[in-house]
file query_1.txt (compact mmCIF, C-alpha atoms)
# COMPACT_ATOMS: atom_id res chain seq x y z
CA GLY U 1 -38.16 54.24 29.79
CA ALA U 2 -39.29 51.13 27.95
CA ALA U 3 -39.14 53.00 24.61
CA LEU U 4 -35.61 54.26 25.42
CA GLN U 5 -34.48 50.75 26.31
CA GLU U 6 -35.94 49.42 23.05
CA ASP U 7 -34.11 52.10 21.00
CA LYS U 8 -30.87 51.28 22.77
CA GLU U 9 -31.23 47.55 22.04
CA ARG U 10 -32.07 48.32 18.39
CA SER U 11 -28.96 50.52 18.13
CA GLU U 12 -26.73 47.80 19.60
CA THR U 13 -28.21 45.25 17.22
CA LEU U 14 -27.49 47.50 14.22
CA GLU U 15 -23.90 48.03 15.43
CA ALA U 16 -23.41 44.28 15.84
CA CYS U 17 -24.68 43.72 12.30
CA GLN U 18 -22.27 46.33 10.94
CA VAL U 19 -19.33 44.70 12.74
CA ALA U 20 -20.35 41.23 11.54
CA LYS U 21 -20.46 42.53 8.00
CA TYR U 22 -16.72 43.33 8.02
CA TRP U 23 -15.50 40.57 10.34
CA ASN U 24 -14.52 37.16 9.02
CA PRO U 25 -14.58 34.39 11.62
CA PRO U 26 -11.54 32.08 11.78
CA PRO U 27 -11.85 29.17 9.30
CA SER U 28 -12.95 25.82 10.61
CA PRO U 29 -10.29 23.06 10.48
CA HIS U 30 -12.66 21.21 8.16
CA GLU U 31 -12.65 24.09 5.65
CA PHE U 32 -9.66 23.85 3.29
CA PRO U 33 -7.85 27.13 2.52
CA GLU U 34 -7.17 25.97 -1.08
CA GLY U 35 -4.21 28.26 -1.57
CA ASP U 36 -3.30 30.61 1.27
CA LEU U 37 0.36 31.38 2.04
CA ALA U 38 0.83 28.43 4.41
CA ALA U 39 -0.74 26.02 1.90
CA TRP U 40 1.47 27.03 -1.02
CA ALA U 41 4.56 27.19 1.19
CA THR U 42 3.84 23.60 2.27
CA ALA U 43 3.39 22.53 -1.35
CA PHE U 44 6.71 24.17 -2.27
CA GLY U 45 8.43 22.38 0.63
CA ALA U 46 7.03 19.03 -0.53
CA PHE U 47 8.23 19.86 -4.07
CA LEU U 48 11.77 20.35 -2.72
CA ILE U 49 11.61 17.04 -0.83
CA GLN U 50 10.72 15.26 -4.09
CA PHE U 51 13.55 17.12 -5.85
CA CYS U 52 16.02 15.79 -3.26
CA GLY U 53 14.48 12.31 -2.89
CA PHE U 54 13.23 10.54 -6.00
CA GLY U 55 14.97 13.13 -8.16
CA TYR U 56 18.36 12.16 -6.74
CA THR U 57 17.67 8.41 -6.83
CA ALA U 58 16.65 8.65 -10.51
CA SER U 59 20.13 10.07 -11.18
CA PHE U 60 21.90 6.92 -10.03
CA GLY U 61 22.80 6.09 -13.63
CA VAL U 62 25.53 8.75 -13.35
CA TYR U 63 26.95 6.99 -10.29
CA GLN U 64 26.61 3.57 -11.98
CA ASP U 65 28.70 4.81 -14.91
CA PHE U 66 31.32 6.55 -12.75
CA TYR U 67 31.68 3.67 -10.28
CA THR U 68 31.98 1.08 -13.08
CA GLN U 69 34.65 2.96 -15.02
CA HIS U 70 36.63 4.83 -12.32
CA TYR U 71 35.77 4.38 -8.64
CA LEU U 72 34.80 0.73 -8.10
CA ILE U 73 36.60 -0.91 -11.02
CA ASN U 74 37.13 -4.16 -9.09
CA GLU U 75 33.36 -4.62 -8.53
CA THR U 76 30.89 -6.11 -10.99
CA SER U 77 28.05 -4.11 -12.53
CA SER U 78 25.64 -6.26 -10.51
CA ALA U 79 27.33 -5.38 -7.20
CA ILE U 80 27.31 -1.67 -8.06
CA SER U 81 23.63 -1.72 -9.03
CA TRP U 82 22.85 -3.13 -5.56
CA ILE U 83 23.66 0.33 -4.19
CA GLY U 84 21.00 2.02 -6.30
CA SER U 85 18.41 -0.73 -5.92
CA THR U 86 18.80 -0.72 -2.11
CA ASN U 87 18.29 3.05 -2.13
CA ALA U 88 15.13 2.75 -4.25
CA PHE U 89 13.84 -0.15 -2.14
CA LEU U 90 14.21 1.64 1.19
CA MET U 91 12.59 4.79 -0.19
CA THR U 92 9.30 2.95 -0.74
CA ALA U 93 9.59 0.24 1.93
CA MET U 94 10.08 2.82 4.68
CA GLY U 95 6.62 4.14 3.78
CA LEU U 96 5.04 1.64 6.18
CA VAL U 97 7.07 3.09 9.05
CA SER U 98 6.87 6.77 8.09
CA GLY U 99 3.18 6.56 7.17
CA SER U 100 2.30 5.01 10.52
CA LEU U 101 4.37 7.58 12.45
CA HIS U 102 2.85 10.42 10.44
CA ASP U 103 -0.65 9.24 11.42
CA ARG U 104 0.45 9.48 15.06
CA GLY U 105 1.60 13.10 14.79
CA TYR U 106 5.35 12.78 14.17
CA PHE U 107 5.43 14.72 10.88
CA TYR U 108 8.03 17.31 11.96
CA TYR U 109 10.24 14.67 13.58
CA LEU U 110 10.21 12.57 10.38
CA VAL U 111 11.03 15.47 8.08
CA ILE U 112 13.80 16.89 10.27
CA ALA U 113 15.35 13.49 10.96
CA GLY U 114 15.17 12.51 7.27
CA SER U 115 16.72 15.82 6.18
CA CYS U 116 19.60 15.54 8.65
CA LEU U 117 20.25 11.90 7.71
CA GLU U 118 20.24 12.63 3.95
CA SER U 119 22.66 15.53 4.35
CA PHE U 120 24.92 13.48 6.66
CA SER U 121 24.88 10.47 4.29
CA LEU U 122 25.88 12.57 1.27
CA PHE U 123 28.77 14.20 3.12
CA MET U 124 29.89 10.74 4.31
CA LEU U 125 29.70 9.52 0.69
CA SER U 126 32.14 12.30 -0.26
CA TRP U 127 34.66 10.85 2.22
CA SER U 128 34.42 7.30 0.84
CA LYS U 129 37.60 5.96 -0.76
CA PRO U 130 38.03 4.28 -4.19
CA ASP U 131 37.38 0.52 -4.18
CA GLN U 132 35.85 0.72 -0.67
CA TYR U 133 32.48 -0.75 -1.62
CA TYR U 134 31.10 -1.02 1.91
CA GLN U 135 31.60 2.71 2.58
CA ILE U 136 29.57 3.69 -0.50
CA PHE U 137 26.91 1.04 0.14
CA PHE U 138 26.28 2.18 3.71
CA SER U 139 26.21 5.90 2.92
CA GLN U 140 24.42 5.93 -0.44
CA GLY U 141 22.47 2.66 -0.40
CA LEU U 142 21.32 2.54 3.22
CA GLY U 143 21.67 6.12 4.50
CA LEU U 144 20.11 7.95 1.55
CA GLY U 145 17.43 5.28 1.15
CA ILE U 146 16.26 5.45 4.77
CA ALA U 147 16.38 9.26 4.77
CA SER U 148 14.26 9.59 1.62
CA GLY U 149 11.85 6.92 2.86
CA LEU U 150 11.25 8.81 6.12
CA MET U 151 10.18 11.94 4.21
CA TYR U 152 8.37 10.68 1.09
CA ILE U 153 4.94 9.56 2.42
CA PRO U 154 4.55 12.32 5.06
CA THR U 155 5.34 15.12 2.60
CA MET U 156 2.81 13.79 0.09
CA ALA U 157 0.17 13.29 2.79
CA ILE U 158 0.61 16.83 4.16
CA ILE U 159 -0.87 18.23 0.91
CA SER U 160 -4.22 16.81 2.02
CA HIS U 161 -4.14 19.12 5.06
CA HIS U 162 -4.35 22.25 2.89
CA PHE U 163 -6.08 21.30 -0.36
CA ARG U 164 -9.22 19.41 -1.32
CA ARG U 165 -10.59 20.83 -4.58
CA ARG U 166 -7.10 21.51 -5.96
CA ARG U 167 -5.49 18.46 -4.38
CA THR U 168 -4.80 16.54 -7.62
CA LEU U 169 -3.37 19.62 -9.32
CA VAL U 170 -1.08 20.41 -6.38
CA MET U 171 0.09 16.79 -6.05
CA THR U 172 0.97 16.86 -9.75
CA PHE U 173 3.04 19.99 -9.11
CA VAL U 174 4.77 18.33 -6.14
CA ALA U 175 5.51 15.18 -8.17
CA THR U 176 7.24 17.22 -10.88
CA GLY U 177 9.90 17.98 -8.25
CA SER U 178 11.29 14.47 -8.73
CA SER U 179 11.33 14.93 -12.52
CA LEU U 180 13.10 18.29 -12.24
CA GLY U 181 15.65 16.72 -9.89
CA ALA U 182 16.19 13.86 -12.33
CA ILE U 183 17.09 16.47 -14.99
CA ILE U 184 19.25 18.83 -12.92
CA HIS U 185 21.19 16.31 -10.80
CA PRO U 186 22.65 14.27 -13.73
CA ILE U 187 23.87 17.45 -15.47
CA MET U 188 25.46 18.72 -12.27
CA LEU U 189 26.97 15.39 -11.18
CA ASN U 190 28.46 14.55 -14.59
CA ASN U 191 30.14 17.95 -14.87
CA LEU U 192 31.39 17.84 -11.27
CA PHE U 193 32.75 14.26 -11.34
CA ASN U 194 34.49 14.66 -14.70
CA GLY U 195 35.67 18.24 -14.11
CA PRO U 196 38.45 19.75 -12.02
CA LEU U 197 36.64 19.15 -8.70
CA GLY U 198 36.51 15.35 -9.00
CA PHE U 199 34.31 12.89 -7.14
CA ALA U 200 34.80 13.89 -3.49
CA ASN U 201 34.39 17.64 -3.91
CA GLY U 202 31.67 17.10 -6.50
CA VAL U 203 29.59 15.09 -4.00
CA ARG U 204 30.17 17.83 -1.39
CA VAL U 205 28.83 20.49 -3.77
CA SER U 206 25.84 18.25 -4.44
CA ALA U 207 25.39 17.70 -0.69
CA GLY U 208 25.43 21.47 -0.13
CA LEU U 209 22.64 21.98 -2.68
CA ILE U 210 20.57 19.15 -1.19
CA SER U 211 21.09 20.44 2.37
CA SER U 212 19.97 23.97 1.49
CA CYS U 213 16.86 22.65 -0.31
CA LEU U 214 15.95 20.39 2.64
CA LEU U 215 16.45 23.23 5.15
CA THR U 216 14.11 25.42 3.08
CA ALA U 217 11.56 22.60 2.92
CA CYS U 218 11.60 22.12 6.71
CA LEU U 219 11.00 25.84 7.24
CA CYS U 220 8.14 25.94 4.72
CA MET U 221 5.95 22.95 5.59
CA ARG U 222 3.20 23.11 8.23
CA THR U 223 0.55 20.66 9.42
CA ARG U 224 -3.05 21.86 9.89
CA LEU U 225 -5.55 19.07 10.62
CA ASP U 226 -5.98 16.98 13.75
CA LEU U 227 -4.63 13.45 13.97
CA PRO U 228 -6.83 10.69 12.49
CA ALA U 229 -9.05 9.05 15.09
CA LYS U 230 -7.95 5.59 13.99
CA PRO U 231 -4.56 5.04 12.26
CA VAL U 232 -4.41 2.60 9.35
CA ASN U 233 -4.11 -1.06 10.38
CA TYR U 234 -1.63 -2.32 7.80
CA LEU U 235 -1.93 -5.99 8.76
CA ALA U 236 -5.70 -5.96 8.27
CA THR U 237 -5.23 -4.07 5.00
CA ALA U 238 -2.70 -6.66 3.78
CA ARG U 239 -5.14 -9.49 4.55
CA LYS U 240 -7.84 -7.77 2.48
CA CYS U 241 -5.41 -7.36 -0.42
CA ILE U 242 -4.71 -11.11 -0.49
CA CYS U 243 -8.42 -11.83 -0.98
CA ASP U 244 -8.77 -9.27 -3.79
CA VAL U 245 -8.01 -11.01 -7.13
CA PRO U 246 -7.53 -7.87 -9.30
CA PHE U 247 -5.24 -6.42 -6.63
CA MET U 248 -3.11 -9.56 -6.48
CA LEU U 249 -2.85 -9.48 -10.28
CA LEU U 250 -1.76 -5.85 -9.98
CA ILE U 251 0.99 -6.86 -7.54
CA ALA U 252 2.14 -9.69 -9.81
CA GLY U 253 2.11 -7.43 -12.86
CA ALA U 254 3.98 -4.62 -11.08
CA PHE U 255 6.60 -7.09 -9.84
CA LEU U 256 7.27 -8.50 -13.33
CA PHE U 257 7.17 -5.09 -14.99
CA GLN U 258 9.58 -3.50 -12.52
CA LEU U 259 12.12 -6.29 -13.08
CA GLY U 260 12.88 -4.55 -16.35
CA PHE U 261 11.63 -1.01 -15.71
CA TYR U 262 14.77 0.27 -13.91
CA TYR U 263 17.24 -1.22 -16.38
CA PRO U 264 17.36 1.88 -18.67
CA LEU U 265 17.46 4.27 -15.69
CA PHE U 266 20.57 2.57 -14.27
CA PHE U 267 22.43 1.56 -17.44
CA PHE U 268 21.43 3.99 -20.22
CA GLN U 269 24.39 6.35 -19.80
CA LEU U 270 26.92 3.51 -19.47
CA ASP U 271 25.36 1.85 -22.53
CA THR U 272 25.79 4.96 -24.68
CA ILE U 273 29.43 5.46 -23.64
CA LYS U 274 30.36 1.81 -24.27
CA HIS U 275 28.82 2.02 -27.75
CA GLY U 276 31.22 4.79 -28.73
CA ILE U 277 28.82 7.72 -28.49
CA SER U 278 30.49 11.06 -27.70
CA VAL U 279 31.19 11.24 -23.96
CA ASN U 280 29.98 14.85 -23.76
CA PHE U 281 26.67 13.86 -25.38
CA SER U 282 26.36 10.64 -23.31
CA PHE U 283 26.40 12.75 -20.15
CA TYR U 284 23.06 14.18 -21.30
CA SER U 285 21.45 10.84 -22.20
CA LEU U 286 19.79 10.58 -18.77
CA VAL U 287 18.69 14.20 -19.04
CA ILE U 288 16.87 13.40 -22.30
CA LEU U 289 15.23 10.35 -20.72
CA ASN U 290 14.21 12.11 -17.50
CA GLY U 291 13.04 15.24 -19.32
CA SER U 292 10.66 13.15 -21.44
CA ASN U 293 9.62 11.34 -18.27
CA CYS U 294 8.55 14.69 -16.78
CA ILE U 295 6.45 15.51 -19.87
CA GLY U 296 4.86 12.06 -19.66
CA ARG U 297 3.84 12.59 -16.05
CA VAL U 298 2.37 16.03 -16.72
CA THR U 299 0.31 14.91 -19.74
CA SER U 300 -0.79 11.58 -18.23
CA GLY U 301 -3.93 13.05 -16.65
CA LEU U 302 -5.23 14.32 -19.99
CA ILE U 303 -4.61 10.99 -21.74
CA ALA U 304 -6.06 8.95 -18.86
CA GLY U 305 -9.24 11.03 -19.08
CA ILE U 306 -9.71 9.67 -22.60
CA THR U 307 -8.38 6.11 -22.32
CA GLY U 308 -9.04 5.30 -18.66
CA VAL U 309 -6.39 4.52 -16.04
CA PRO U 310 -6.14 0.69 -16.57
CA ASN U 311 -5.93 1.07 -20.36
CA LEU U 312 -3.20 3.70 -20.18
CA THR U 313 -1.24 1.52 -17.74
CA ILE U 314 -1.42 -1.41 -20.16
CA MET U 315 -0.45 0.65 -23.21
CA SER U 316 2.50 2.34 -21.47
CA SER U 317 3.73 -1.00 -20.07
CA ILE U 318 3.72 -2.61 -23.54
CA LEU U 319 5.50 0.41 -25.02
CA CYS U 320 8.16 0.31 -22.27
CA GLY U 321 8.81 -3.40 -22.91
CA VAL U 322 9.16 -2.89 -26.66
CA LEU U 323 11.54 0.06 -26.19
CA ILE U 324 13.73 -1.95 -23.79
CA PHE U 325 14.11 -4.50 -26.60
CA GLY U 326 15.03 -1.53 -28.81
CA MET U 327 17.96 -0.73 -26.51
CA ILE U 328 19.65 -3.89 -27.79
CA GLY U 329 20.07 -2.09 -31.12
CA LEU U 330 21.46 1.13 -29.62
CA SER U 331 24.47 2.14 -31.72
CA SER U 332 24.24 5.77 -32.84
CA LEU U 333 23.52 9.24 -31.53
CA ALA U 334 20.11 9.25 -33.24
CA SER U 335 19.12 5.95 -31.57
CA VAL U 336 20.07 7.37 -28.16
CA VAL U 337 17.82 10.40 -28.69
CA VAL U 338 14.86 8.39 -30.03
CA LEU U 339 15.05 5.70 -27.34
CA GLY U 340 15.60 8.27 -24.57
CA VAL U 341 12.63 10.41 -25.60
CA LEU U 342 10.22 7.51 -26.22
CA TYR U 343 11.18 5.44 -23.17
CA GLY U 344 11.22 8.50 -20.92
CA TYR U 345 7.74 9.54 -22.05
CA SER U 346 6.18 6.07 -21.79
CA SER U 347 7.79 5.39 -18.39
CA GLY U 348 6.48 8.78 -17.19
CA LEU U 349 2.95 7.79 -18.20
CA ASN U 350 3.32 4.45 -16.41
CA THR U 351 4.75 5.95 -13.21
CA ALA U 352 2.01 8.59 -13.04
CA MET U 353 -0.69 5.90 -13.28
CA ALA U 354 0.60 3.78 -10.36
CA ALA U 355 -1.30 5.53 -7.54
CA PRO U 356 -4.50 6.24 -9.59
CA LEU U 357 -4.61 2.57 -10.64
CA MET U 358 -4.45 1.36 -7.03
CA THR U 359 -7.14 3.88 -6.12
CA THR U 360 -9.32 2.66 -9.00
CA LEU U 361 -9.03 -0.94 -7.80
CA THR U 362 -9.83 -0.01 -4.19
CA PRO U 363 -13.52 -0.71 -3.50
CA GLU U 364 -13.76 1.66 -0.50
CA LEU U 365 -11.90 4.93 0.08
CA SER U 366 -11.37 3.91 3.70
CA GLU U 367 -9.00 1.19 2.45
CA LEU U 368 -6.56 3.49 0.66
CA GLY U 369 -3.89 2.47 3.18
CA ARG U 370 -3.35 -0.53 0.91
CA VAL U 371 -1.39 1.81 -1.40
CA ASN U 372 1.45 1.83 1.15
CA VAL U 373 1.20 -1.94 1.60
CA VAL U 374 1.42 -2.64 -2.13
CA SER U 375 4.30 -0.18 -2.62
CA CYS U 376 6.26 -1.81 0.19
CA PHE U 377 5.49 -5.34 -1.06
CA ASN U 378 6.59 -4.53 -4.60
CA SER U 379 9.76 -2.81 -3.45
CA ILE U 380 10.74 -5.89 -1.40
CA LEU U 381 10.16 -8.18 -4.38
CA THR U 382 11.92 -5.89 -6.83
CA LEU U 383 15.01 -5.25 -4.66
CA TYR U 384 16.46 -8.74 -4.94
CA PRO U 385 15.94 -9.41 -8.67
CA GLY U 386 15.71 -6.14 -10.63
CA THR U 387 18.84 -4.33 -11.67
CA PRO U 388 21.32 -6.66 -9.89
CA ILE U 389 20.18 -9.45 -12.24
CA SER U 390 20.60 -7.13 -15.22
CA GLY U 391 24.08 -6.22 -14.00
CA ALA U 392 25.01 -9.89 -13.56
CA LEU U 393 23.74 -10.72 -17.05
CA LEU U 394 25.73 -7.82 -18.50
CA THR U 395 29.03 -9.32 -17.23
CA SER U 396 32.41 -7.59 -17.48
CA ASN U 397 32.36 -8.14 -21.27
CA TYR U 398 29.33 -5.81 -21.60
CA THR U 399 27.08 -8.24 -23.47
CA TRP U 400 24.20 -5.77 -23.80
CA TRP U 401 21.65 -7.97 -25.59
CA ILE U 402 21.27 -10.42 -22.69
CA PRO U 403 20.07 -7.96 -19.97
CA GLY U 404 18.05 -6.12 -22.65
CA LEU U 405 16.27 -9.35 -23.61
CA PHE U 406 15.63 -10.29 -19.96
CA SER U 407 14.30 -6.83 -19.03
CA GLY U 408 12.11 -6.58 -22.13
CA ILE U 409 10.51 -10.00 -21.58
CA ALA U 410 9.92 -9.23 -17.88
CA SER U 411 8.23 -5.90 -18.69
CA LEU U 412 5.97 -7.44 -21.34
CA ALA U 413 5.06 -10.27 -18.95
CA GLY U 414 3.98 -7.58 -16.47
CA ALA U 415 1.86 -5.96 -19.20
CA VAL U 416 0.12 -9.31 -19.79
CA MET U 417 -0.73 -9.50 -16.07
CA PHE U 418 -2.18 -5.97 -16.26
CA ILE U 419 -4.41 -7.09 -19.16
CA ILE U 420 -5.72 -10.02 -17.09
CA MET U 421 -6.17 -7.66 -14.12
CA ARG U 422 -8.30 -5.32 -16.25
CA TYR U 423 -10.48 -8.23 -17.40
CA MET U 424 -11.03 -9.46 -13.82
CA PHE U 425 -11.74 -5.92 -12.58
CA LEU U 426 -14.39 -5.29 -15.27
CA ARG U 427 -15.90 -8.70 -14.56
CA ARG U 428 -16.22 -7.79 -10.86
CA GLN U 429 -17.76 -4.44 -11.76
CA ARG U 430 -20.49 -6.15 -13.78
call {"tool": "encode", "arguments": {"input": "query_1.txt", "output": "structure tokens"}}
result
Amino acid sequence: GAALQEDKERSETLEACQVAKYWNPPPSPHEFPEGDLAAWATAFGAFLIQFCGFGYTASFGVYQDFYTQHYLINETSSAISWIGSTNAFLMTAMGLVSGSLHDRGYFYYLVIAGSCLESFSLFMLSWSKPDQYYQIFFSQGLGLGIASGLMYIPTMAIISHHFRRRRTLVMTFVATGSSLGAIIHPIMLNNLFNGPLGFANGVRVSAGLISSCLLTACLCMRTRLDLPAKPVNYLATARKCICDVPFMLLIAGAFLFQLGFYYPLFFFQLDTIKHGISVNFSFYSLVILNGSNCIGRVTSGLIAGITGVPNLTIMSSILCGVLIFGMIGLSSLASVVVLGVLYGYSSGLNTAMAAPLMTTLTPELSELGRVNVVSCFNSILTLYPGTPISGALLTSNYTWWIPGLFSGIASLAGAVMFIIMRYMFLRRQR
């Protein structure tokens, strides 16, 4: 009997081993799938959010041109640029709110609410009347800005739920969504506004595309990890930033640099048209700039691996400042192409280095919440000067050299602050 029992137990053990051989236990939440269907679907959804968010905001130069010449002819260039700068400001400033809510488990609420608000704001923009500035400001400046700000940080953070080893690669893919949007939206908007459909129906077509992309994104994205045990304390993080000299120099440099950085993005198309360049070609000036910007972002990682993140930031900032000065001499089709390609590429390098630079200057990974704090702080500072100053300096006579000189000097001053920041950072490292 004992021998029979022993044989039976041995047989059961062998069977259990055979089953275990072909059975895969469910993955632990701490093990990253690194590319299953849910992970790539989430990455694609985040890509679409970028396409509809930063990609659409980067196309404001089309609206700046159309409003100045046709739709808001009684408003100054400075007043019109307030619409775009408010949109850009809220997109980053809302990160403090959306980031905090995301840490508390409201990801789906943020994405759905942001998608509905963006779609609603665009359709309301299509109903705005000519010379009714407040209608456009509320729908495009405030509505679109808040909507994009609700979705931006959560959809970038959700990538960390599914990828660890491939995280940088996937985030690069997601970030190219904004560059692709900045290429496609200007082509579409220019042809719609200046074609048989006109402004109102053109915005509705654009709103339909955005709504379908956002609906797809909401259906694709999924969370996976548990909530963080302790959400980021932004007030404590801000106090630490104030005591960090290289970080404060980074903030000062970013503030000065961004005073001039957005000038070409908002005024490049209007500049080319007012200088007598073919209207059909001028409609593609932003496409040239944003296409080169995309190439700059994609290749930035390879260049940064050779030069280092702080050095590449400094070089790209100096190049951007010099090229803004070059816009003063814009007068021919060839100059539009050269300036668009070179400024787009150098601005793409600079934009891609923003988050890695803040990470490099952060002494402890547990303090990476300061990225949101710095982004919000810079957006607040940049909202009030920035492009509205450039628009005021431009005046109704279109004196292009004055805003070009101001923006170029501001960008180079920011580059000087980055040089001092690098020196102080290396000194602290030693």
call {"tool": "closest_residue", "arguments": {"input": "query_1.txt", "among": "U:Gln258, U:Ser179, U:Asn350, U:Thr223", "to": "Asp103 in chain U", "atoms": "all atoms listed in the file"}}
result
U:Thr223
call {"tool": "closest_residue", "arguments": {"input": "query_1.txt", "among": "U:Ile73, U:Val287, U:Ile112, U:Ile389", "to": "Pro130 in chain U", "atoms": "all atoms listed in the file"}}
result
U:Ile73
call {"tool": "closest_residue", "arguments": {"input": "query_1.txt", "among": "U:Ser81, U:Ser128, U:Asn397, U:Ser119", "to": "Phe60 in chain U", "atoms": "all atoms listed in the file"}}
result
U:Ser81
call {"tool": "closest_atom_pairs", "arguments": {"input": "query_1.txt", "of": "range 209-288 of chain U", "to": "range 400-422 of chain U", "cutoff": "9 Å", "atoms": "only C-alpha atoms", "output": "JSON lines"}}
result
{"residue": "U:Val245", "atom": "CA", "partner": "U:Met421", "partner_atom": "CA", "distance": 8.0}
{"residue": "U:Pro246", "atom": "CA", "partner": "U:Met421", "partner_atom": "CA", "distance": 5.0}
{"residue": "U:Phe247", "atom": "CA", "partner": "U:Met421", "partner_atom": "CA", "distance": 7.6}
{"residue": "U:Met248", "atom": "CA", "partner": "U:Met421", "partner_atom": "CA", "distance": 8.4}
{"residue": "U:Leu249", "atom": "CA", "partner": "U:Met421", "partner_atom": "CA", "distance": 5.4}
{"residue": "U:Leu250", "atom": "CA", "partner": "U:Phe418", "partner_atom": "CA", "distance": 6.3}
{"residue": "U:Ala252", "atom": "CA", "partner": "U:Met417", "partner_atom": "CA", "distance": 6.9}
{"residue": "U:Gly253", "atom": "CA", "partner": "U:Gly414", "partner_atom": "CA", "distance": 4.1}
{"residue": "U:Ala254", "atom": "CA", "partner": "U:Gly414", "partner_atom": "CA", "distance": 6.1}
{"residue": "U:Phe255", "atom": "CA", "partner": "U:Gly414", "partner_atom": "CA", "distance": 7.1}
{"residue": "U:Leu256", "atom": "CA", "partner": "U:Gly414", "partner_atom": "CA", "distance": 4.6}
{"residue": "U:Phe257", "atom": "CA", "partner": "U:Ser411", "partner_atom": "CA", "distance": 3.9}
{"residue": "U:Gln258", "atom": "CA", "partner": "U:Ser411", "partner_atom": "CA", "distance": 6.8}
{"residue": "U:Leu259", "atom": "CA", "partner": "U:Ala410", "partner_atom": "CA", "distance": 6.0}
{"residue": "U:Gly260", "atom": "CA", "partner": "U:Ser407", "partner_atom": "CA", "distance": 3.8}
{"residue": "U:Phe261", "atom": "CA", "partner": "U:Ser411", "partner_atom": "CA", "distance": 6.7}
{"residue": "U:Tyr262", "atom": "CA", "partner": "U:Ser407", "partner_atom": "CA", "distance": 8.8}
{"residue": "U:Tyr263", "atom": "CA", "partner": "U:Ser407", "partner_atom": "CA", "distance": 6.9}
{"residue": "U:Pro264", "atom": "CA", "partner": "U:Gly404", "partner_atom": "CA", "distance": 9.0}
{"residue": "U:Asp271", "atom": "CA", "partner": "U:Trp400", "partner_atom": "CA", "distance": 7.8}
call {"tool": "closest_residue", "arguments": {"input": "query_1.txt", "among": "U:Leu150, U:Leu393, U:Ile288, U:Val298", "to": "Pro186 in chain U", "atoms": "only C-alpha atoms"}}
result
U:Ile288
call {"tool": "closest_residue", "arguments": {"input": "query_1.txt", "among": "U:His275, U:Arg297, U:Arg167, U:Arg430", "to": "Ser335 in chain U", "atoms": "all atoms listed in the file"}}
result
U:His275
call {"tool": "atom_distance", "arguments": {"input": "query_1.txt", "atom1": "CA of Ser77 in chain U", "atom2": "CA of Tyr133 in chain U"}}
result
12.2 Å
call {"tool": "closest_residue", "arguments": {"input": "query_1.txt", "among": "U:Ser331, U:Gln50, U:Asn290, U:Thr359", "to": "Gly344 in chain U", "atoms": "all atoms listed in the file"}}
result
U:Asn290
call {"tool": "residues_near_point", "arguments": {"input": "query_1.txt", "point": "(3.4, 23.2, 7.5)", "cutoff": "9 Å", "atoms": "all atoms listed in the file", "output": "list of chain:residue names"}}
result
U:Ala38, U:Ala39, U:Ala41, U:Thr42, U:Ala43, U:Gly45, U:Tyr108, U:Ile158, U:His161, U:Cys218, U:Leu219, U:Cys220, U:Met221, U:Arg222, U:Thr223, U:Arg224
call {"tool": "atom_distance", "arguments": {"input": "query_1.txt", "atom1": "CA of His162 in chain U", "atom2": "CA of Leu90 in chain U"}}
result
27.8 Å
call {"tool": "atom_distance", "arguments": {"input": "query_1.txt", "atom1": "CA of Asn191 in chain U", "atom2": "CA of Ser285 in chain U"}}
result
13.4 Å
